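The file query_31.cif contains mmCIF, C-alpha atoms and all ligand atoms:
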```
data_upload
#
loop_
_atom_site.group_PDB
_atom_site.id
_atom_site.type_symbol
_atom_site.label_atom_id
_atom_site.label_comp_id
_atom_site.auth_asym_id
_atom_site.auth_seq_id
_atom_site.Cartn_x
_atom_site.Cartn_y
_atom_site.Cartn_z
ATOM 1 C CA MET U 103 150.773 91.738 40.829
ATOM 2 C CA ASN U 104 151.036 95.157 42.462
ATOM 3 C CA LYS U 105 148.104 96.237 44.600
ATOM 4 C CA ILE U 106 147.001 99.871 44.696
ATOM 5 C CA LEU U 107 144.708 101.380 47.310
ATOM 6 C CA ILE U 108 142.488 104.238 46.112
ATOM 7 C CA ALA U 109 141.348 106.493 48.960
ATOM 8 C CA GLU U 110 138.728 108.824 47.462
ATOM 9 C CA ASP U 111 135.282 109.919 48.655
ATOM 10 C CA ASN U 112 133.857 110.537 45.175
ATOM 11 C CA ALA U 113 132.449 107.335 43.632
ATOM 12 C CA VAL U 114 132.891 108.507 40.024
ATOM 13 C CA ASN U 115 136.538 109.395 40.595
ATOM 14 C CA ARG U 116 137.135 106.053 42.313
ATOM 15 C CA GLU U 117 135.626 104.219 39.366
ATOM 16 C CA LEU U 118 137.735 106.140 36.811
ATOM 17 C CA LEU U 119 140.931 105.407 38.706
ATOM 18 C CA ARG U 120 139.984 101.758 39.168
ATOM 19 C CA GLU U 121 139.478 101.364 35.406
ATOM 20 C CA LEU U 122 142.802 103.016 34.569
ATOM 21 C CA LEU U 123 144.620 100.800 37.073
ATOM 22 C CA GLU U 124 142.925 97.533 36.166
ATOM 23 C CA MET U 125 143.631 98.131 32.463
ATOM 24 C CA ARG U 126 147.308 98.223 33.428
ATOM 25 C CA GLY U 127 147.084 94.977 35.378
ATOM 26 C CA TYR U 128 147.054 96.340 38.926
ATOM 27 C CA ALA U 129 144.885 94.882 41.673
ATOM 28 C CA VAL U 130 142.736 97.616 43.216
ATOM 29 C CA VAL U 131 141.249 98.135 46.670
ATOM 30 C CA GLU U 132 139.078 101.133 47.525
ATOM 31 C CA ALA U 133 138.333 103.261 50.570
ATOM 32 C CA CYS U 134 135.803 106.114 50.836
ATOM 33 C CA ASP U 135 137.427 108.125 53.623
ATOM 34 C CA GLY U 136 140.712 108.474 55.433
ATOM 35 C CA GLU U 137 139.840 106.261 58.369
ATOM 36 C CA GLU U 138 138.625 103.417 56.174
ATOM 37 C CA ALA U 139 141.811 103.827 54.138
ATOM 38 C CA LEU U 140 143.964 103.325 57.245
ATOM 39 C CA ARG U 141 142.073 100.144 58.083
ATOM 40 C CA MET U 142 142.316 98.870 54.491
ATOM 41 C CA ILE U 143 146.070 99.545 54.365
ATOM 42 C CA ASP U 144 146.427 97.372 57.445
ATOM 43 C CA GLU U 145 144.179 94.600 56.120
ATOM 44 C CA THR U 146 145.194 94.473 52.454
ATOM 45 C CA GLN U 147 148.830 95.712 52.518
ATOM 46 C CA PRO U 148 148.850 97.626 49.228
ATOM 47 C CA ASP U 149 152.105 98.422 47.382
ATOM 48 C CA LEU U 150 151.113 102.046 46.814
ATOM 49 C CA VAL U 151 148.335 104.418 47.919
ATOM 50 C CA LEU U 152 146.560 107.054 45.804
ATOM 51 C CA LEU U 153 145.158 109.641 48.208
ATOM 52 C CA ASP U 154 142.479 112.201 47.533
ATOM 53 C CA ILE U 155 143.213 115.349 49.564
ATOM 54 C CA GLY U 156 139.615 116.413 50.250
ATOM 55 C CA MET U 157 138.041 113.491 52.147
ATOM 56 C CA PRO U 158 135.745 113.244 55.177
ATOM 57 C CA VAL U 159 136.799 111.923 58.616
ATOM 58 C CA LEU U 160 140.534 112.151 57.856
ATOM 59 C CA ASP U 161 141.663 114.267 54.903
ATOM 60 C CA GLY U 162 144.610 113.332 52.700
ATOM 61 C CA PHE U 163 147.145 115.396 54.647
ATOM 62 C CA ALA U 164 146.121 113.874 57.994
ATOM 63 C CA LEU U 165 146.077 110.373 56.545
ATOM 64 C CA ALA U 166 149.525 110.776 54.961
ATOM 65 C CA ARG U 167 150.844 111.923 58.350
ATOM 66 C CA LYS U 168 149.362 108.865 60.075
ATOM 67 C CA ILE U 169 150.904 106.572 57.470
ATOM 68 C CA ARG U 170 154.330 108.127 58.026
ATOM 69 C CA GLU U 171 153.976 107.852 61.818
ATOM 70 C CA ASN U 172 153.632 104.082 61.503
ATOM 71 C CA PRO U 173 157.108 102.512 61.262
ATOM 72 C CA ARG U 174 155.747 99.545 59.325
ATOM 73 C CA LEU U 175 154.402 101.899 56.642
ATOM 74 C CA SER U 176 157.306 104.308 56.444
ATOM 75 C CA SER U 177 158.342 103.136 52.960
ATOM 76 C CA LEU U 178 154.804 102.800 51.526
ATOM 77 C CA PRO U 179 154.627 105.154 48.515
ATOM 78 C CA VAL U 180 151.825 107.710 48.908
ATOM 79 C CA VAL U 181 150.638 109.794 45.940
ATOM 80 C CA ALA U 182 148.315 112.784 46.366
ATOM 81 C CA VAL U 183 145.479 113.032 43.843
ATOM 82 C CA THR U 184 143.803 116.401 43.953
ATOM 83 C CA ALA U 185 141.834 118.991 42.060
ATOM 84 C CA TYR U 186 143.512 121.773 44.018
ATOM 85 C CA ALA U 187 144.649 124.061 41.253
ATOM 86 C CA MET U 188 145.865 127.003 43.270
ATOM 87 C CA GLN U 189 149.435 128.117 42.962
ATOM 88 C CA GLY U 190 151.456 126.736 45.831
ATOM 89 C CA ASP U 191 149.373 123.627 46.488
ATOM 90 C CA ARG U 192 151.669 121.399 44.507
ATOM 91 C CA GLU U 193 154.593 122.673 46.563
ATOM 92 C CA LYS U 194 152.636 122.221 49.793
ATOM 93 C CA ILE U 195 151.884 118.622 48.849
ATOM 94 C CA LEU U 196 155.406 117.786 47.773
ATOM 95 C CA ASN U 197 156.821 119.400 50.926
ATOM 96 C CA SER U 198 154.617 117.223 53.138
ATOM 97 C CA GLN U 199 154.455 113.463 53.498
ATOM 98 C CA PHE U 200 153.721 112.578 49.872
ATOM 99 C CA ASP U 201 155.993 110.802 47.406
ATOM 100 C CA GLY U 202 154.188 112.103 44.358
ATOM 101 C CA TYR U 203 151.353 114.246 43.039
ATOM 102 C CA LEU U 204 148.673 113.871 40.363
ATOM 103 C CA SER U 205 146.098 116.525 39.515
ATOM 104 C CA LYS U 206 142.483 115.738 38.600
ATOM 105 C CA PRO U 207 141.252 114.793 36.120
ATOM 106 C CA VAL U 208 144.020 112.196 36.263
ATOM 107 C CA ASN U 209 146.021 111.962 33.052
ATOM 108 C CA SER U 210 146.618 108.280 32.333
ATOM 109 C CA ARG U 211 150.170 108.816 31.064
ATOM 110 C CA PHE U 212 151.170 110.763 34.206
ATOM 111 C CA LEU U 213 149.549 108.073 36.349
ATOM 112 C CA THR U 214 151.576 105.363 34.620
ATOM 113 C CA GLU U 215 154.772 107.397 35.009
ATOM 114 C CA GLU U 216 154.223 107.923 38.734
ATOM 115 C CA LEU U 217 153.447 104.255 39.345
ATOM 116 C CA ASP U 218 156.463 103.103 37.326
ATOM 117 C CA ARG U 219 158.762 105.520 39.142
ATOM 118 C CA LEU U 220 157.566 104.679 42.665
ATOM 119 C CA LEU U 221 157.043 100.928 42.297
ATOM 120 C CA VAL U 222 160.403 100.364 40.589
ATOM 121 C CA LYS U 223 162.085 102.249 43.407
ATOM 122 C CA GLN U 224 160.331 99.964 45.892
ATOM 123 C CA VAL U 225 161.413 96.799 44.072
ATOM 124 C CA ASN U 226 165.029 97.998 44.172
ATOM 125 C CA GLN U 227 164.741 98.668 47.911
ATOM 126 C CA ASP U 228 163.330 95.181 48.514
ATOM 127 C CA LEU U 229 166.139 93.622 46.493
ATOM 128 C CA SER U 230 168.852 95.419 48.423
ATOM 129 C CA GLN U 231 167.185 94.465 51.720
ATOM 130 C CA ASN U 232 167.127 90.814 50.669
ATOM 131 C CA GLN U 233 170.749 90.938 49.633
ATOM 132 C CA ALA U 234 171.697 92.554 52.932
ATOM 133 C CA SER U 235 169.807 90.002 55.021
ATOM 134 C CA GLY U 236 171.315 87.162 52.992
ATOM 135 C CA THR U 237 174.810 88.086 54.125
ATOM 136 C CA GLN U 238 173.944 88.741 57.761
ATOM 137 C CA PRO U 239 175.245 86.238 60.320
ATOM 138 C CA ARG U 240 172.656 84.341 62.324
ATOM 139 C CA SER U 241 171.431 86.171 65.408
ATOM 140 C CA LYS U 242 171.914 84.581 68.820
ATOM 141 C CA ALA U 243 168.195 83.838 69.050
ATOM 142 C CA GLN U 244 168.256 82.221 65.606
ATOM 143 C CA ALA U 245 171.325 80.198 66.484
ATOM 144 C CA ALA U 246 169.670 79.000 69.698
ATOM 145 C CA ARG U 247 166.551 77.905 67.803
ATOM 146 C CA GLU U 248 168.425 76.219 65.011
ATOM 147 C CA GLY U 249 171.100 74.712 67.237
HETATM 148 MN MN MN L 301 137.327 114.317 47.671
#
```

Target encoding structure tokens, full file:
Amino acid sequence: MNKILIAEDNAVNRELLRELLEMRGYAVVEACDGEEALRMIDETQPDLVLLDIGMPVLDGFALARKIRENPRLSSLPVVAVTAYAMQGDREKILNSQFDGYLSKPVNSRFLTEELDRLLVKQVNQDLSQNQASGTQPRSKAQAAREG
């Protein structure tokens, strides 16, 4: 089951997203600000993160940057969820560290499309990594351990 982290400071918005995700069979974890989200990503290892842009402590842009700075999280899909309606914001978001963008109120069909697109891509990456590692010769350290 895929696990989605919702980072959002508004309780009503968190609840709406949780319902949409759980109806589709996703496991959901929640964080109320950017710093808590970073901790939860570390503790719960979600498959994808939905990030509100306007959040206390660390906003969505700062959090997305921190995620990308961490080599272990470099392939974690990060989707911005924002009410920003001004012209240019979508471009600003897509030109920064985000893999996708959803505007509020979140349209359930667009949400499904984004999740399908980003999680399928991740599955394909995992498969090709497994195939690659399956054909790799044993390392010296491995050979020493295994004899
Ligand atoms: Mn907010």

Please report, as JSON lines, each residue of chain U lying at most 12 Å from ligand MN 301 (chain L), together with the nearest pair of atoms and the separation in Å rounded to one decimal; use only C-alpha atoms and all ligand atoms, and order rows by chain and ascending residue number.
```
{"residue": "U:Ile108", "atom": "CA", "partner": "L:MN301", "partner_atom": "MN", "distance": 11.4}
{"residue": "U:Ala109", "atom": "CA", "partner": "L:MN301", "partner_atom": "MN", "distance": 8.9}
{"residue": "U:Glu110", "atom": "CA", "partner": "L:MN301", "partner_atom": "MN", "distance": 5.7}
{"residue": "U:Asp111", "atom": "CA", "partner": "L:MN301", "partner_atom": "MN", "distance": 4.9}
{"residue": "U:Asn112", "atom": "CA", "partner": "L:MN301", "partner_atom": "MN", "distance": 5.7}
{"residue": "U:Ala113", "atom": "CA", "partner": "L:MN301", "partner_atom": "MN", "distance": 9.4}
{"residue": "U:Val114", "atom": "CA", "partner": "L:MN301", "partner_atom": "MN", "distance": 10.6}
{"residue": "U:Asn115", "atom": "CA", "partner": "L:MN301", "partner_atom": "MN", "distance": 8.7}
{"residue": "U:Arg116", "atom": "CA", "partner": "L:MN301", "partner_atom": "MN", "distance": 9.9}
{"residue": "U:Ala133", "atom": "CA", "partner": "L:MN301", "partner_atom": "MN", "distance": 11.5}
{"residue": "U:Cys134", "atom": "CA", "partner": "L:MN301", "partner_atom": "MN", "distance": 8.9}
{"residue": "U:Asp135", "atom": "CA", "partner": "L:MN301", "partner_atom": "MN", "distance": 8.6}
{"residue": "U:Gly136", "atom": "CA", "partner": "L:MN301", "partner_atom": "MN", "distance": 10.3}
{"residue": "U:Leu152", "atom": "CA", "partner": "L:MN301", "partner_atom": "MN", "distance": 11.9}
{"residue": "U:Leu153", "atom": "CA", "partner": "L:MN301", "partner_atom": "MN", "distance": 9.1}
{"residue": "U:Asp154", "atom": "CA", "partner": "L:MN301", "partner_atom": "MN", "distance": 5.6}
{"residue": "U:Ile155", "atom": "CA", "partner": "L:MN301", "partner_atom": "MN", "distance": 6.3}
{"residue": "U:Gly156", "atom": "CA", "partner": "L:MN301", "partner_atom": "MN", "distance": 4.0}
{"residue": "U:Met157", "atom": "CA", "partner": "L:MN301", "partner_atom": "MN", "distance": 4.6}
{"residue": "U:Pro158", "atom": "CA", "partner": "L:MN301", "partner_atom": "MN", "distance": 7.7}
{"residue": "U:Val159", "atom": "CA", "partner": "L:MN301", "partner_atom": "MN", "distance": 11.2}
{"residue": "U:Leu160", "atom": "CA", "partner": "L:MN301", "partner_atom": "MN", "distance": 10.9}
{"residue": "U:Asp161", "atom": "CA", "partner": "L:MN301", "partner_atom": "MN", "distance": 8.4}
{"residue": "U:Gly162", "atom": "CA", "partner": "L:MN301", "partner_atom": "MN", "distance": 8.9}
{"residue": "U:Ala182", "atom": "CA", "partner": "L:MN301", "partner_atom": "MN", "distance": 11.2}
{"residue": "U:Val183", "atom": "CA", "partner": "L:MN301", "partner_atom": "MN", "distance": 9.1}
{"residue": "U:Thr184", "atom": "CA", "partner": "L:MN301", "partner_atom": "MN", "distance": 7.8}
{"residue": "U:Ala185", "atom": "CA", "partner": "L:MN301", "partner_atom": "MN", "distance": 8.6}
{"residue": "U:Tyr186", "atom": "CA", "partner": "L:MN301", "partner_atom": "MN", "distance": 10.4}
{"residue": "U:Lys206", "atom": "CA", "partner": "L:MN301", "partner_atom": "MN", "distance": 10.5}
```

Using the chain letters and numbers from this file, what does the PyMOL selection byres (((chain U and resi 107) around 8) and not hetatm) select? Give the answer as a PDB file with C-alpha atoms, keeping the file's coordinate frame.
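Generated file (expr06.pdb):
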```
ATOM      1  CA  LYS U 105     148.104  96.237  44.600  1.00  0.00           C
ATOM      2  CA  ILE U 106     147.001  99.871  44.696  1.00  0.00           C
ATOM      3  CA  ILE U 108     142.488 104.238  46.112  1.00  0.00           C
ATOM      4  CA  ALA U 109     141.348 106.493  48.960  1.00  0.00           C
ATOM      5  CA  VAL U 130     142.736  97.616  43.216  1.00  0.00           C
ATOM      6  CA  VAL U 131     141.249  98.135  46.670  1.00  0.00           C
ATOM      7  CA  GLU U 132     139.078 101.133  47.525  1.00  0.00           C
ATOM      8  CA  ALA U 133     138.333 103.261  50.570  1.00  0.00           C
ATOM      9  CA  ALA U 139     141.811 103.827  54.138  1.00  0.00           C
ATOM     10  CA  MET U 142     142.316  98.870  54.491  1.00  0.00           C
ATOM     11  CA  ILE U 143     146.070  99.545  54.365  1.00  0.00           C
ATOM     12  CA  PRO U 148     148.850  97.626  49.228  1.00  0.00           C
ATOM     13  CA  ASP U 149     152.105  98.422  47.382  1.00  0.00           C
ATOM     14  CA  LEU U 150     151.113 102.046  46.814  1.00  0.00           C
ATOM     15  CA  VAL U 151     148.335 104.418  47.919  1.00  0.00           C
ATOM     16  CA  LEU U 152     146.560 107.054  45.804  1.00  0.00           C
TER      17      LEU U 152
END
```

Translate the PyMOL selection byres (((chain U and resi 207-220) around 8) and not hetatm), as applied to the file shown, into an explicit residue set as a VMD selection string. chain U and resid 119 122 179 183 185 201 to 202 204 to 206 221 to 224

Pick the closest to Leu178 in chain U from U:Glu193, U:Asp228, U:Glu138, U:Glu121: which is it, counting all atoms listed in the file?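 Closest to Leu178 in chain U of all the choices is U:Asp228.
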
Would you kindly return, as a compact mmCIF listing (two decimals) with C-alpha atoms, in the coordinates of the input, each protein, DNA or RNA residue with an atom no farther than 9 Å from any atom of Arg167 in chain U, considering only C-alpha atoms and excluding same-chain residues fewer than 6 positions away?
```txt
# COMPACT_ATOMS: atom_id res chain seq x y z
CA SER U 198 154.62 117.22 53.14
CA GLN U 199 154.46 113.46 53.50
CA PHE U 200 153.72 112.58 49.87
```

Between CA of Phe163 in chain U and CA of Ile195 in chain U, distance in Å (one decimal):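 So the answer is 8.2 Å.
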
What do you get, as a PDB file with C-alpha atoms, in the frame of the given file, if you spell out every residue that the PyMOL selection byres (((chain U and resi 103) around 8) and not hetatm) selects here?
```pdb
ATOM      1  CA  ASN U 104     151.036  95.157  42.462  1.00  0.00           C
ATOM      2  CA  LYS U 105     148.104  96.237  44.600  1.00  0.00           C
ATOM      3  CA  GLY U 127     147.084  94.977  35.378  1.00  0.00           C
ATOM      4  CA  TYR U 128     147.054  96.340  38.926  1.00  0.00           C
ATOM      5  CA  ALA U 129     144.885  94.882  41.673  1.00  0.00           C
TER       6      ALA U 129
END
```

For CA of Lys194 in chain U and CA of Arg170 in chain U, the interatomic separation in Å (one decimal): 16.4 Å

Straight-line distance linking CA of Ile169 in chain U with CA of Leu140 in chain U, stated in Å to one decimal: 7.7 Å
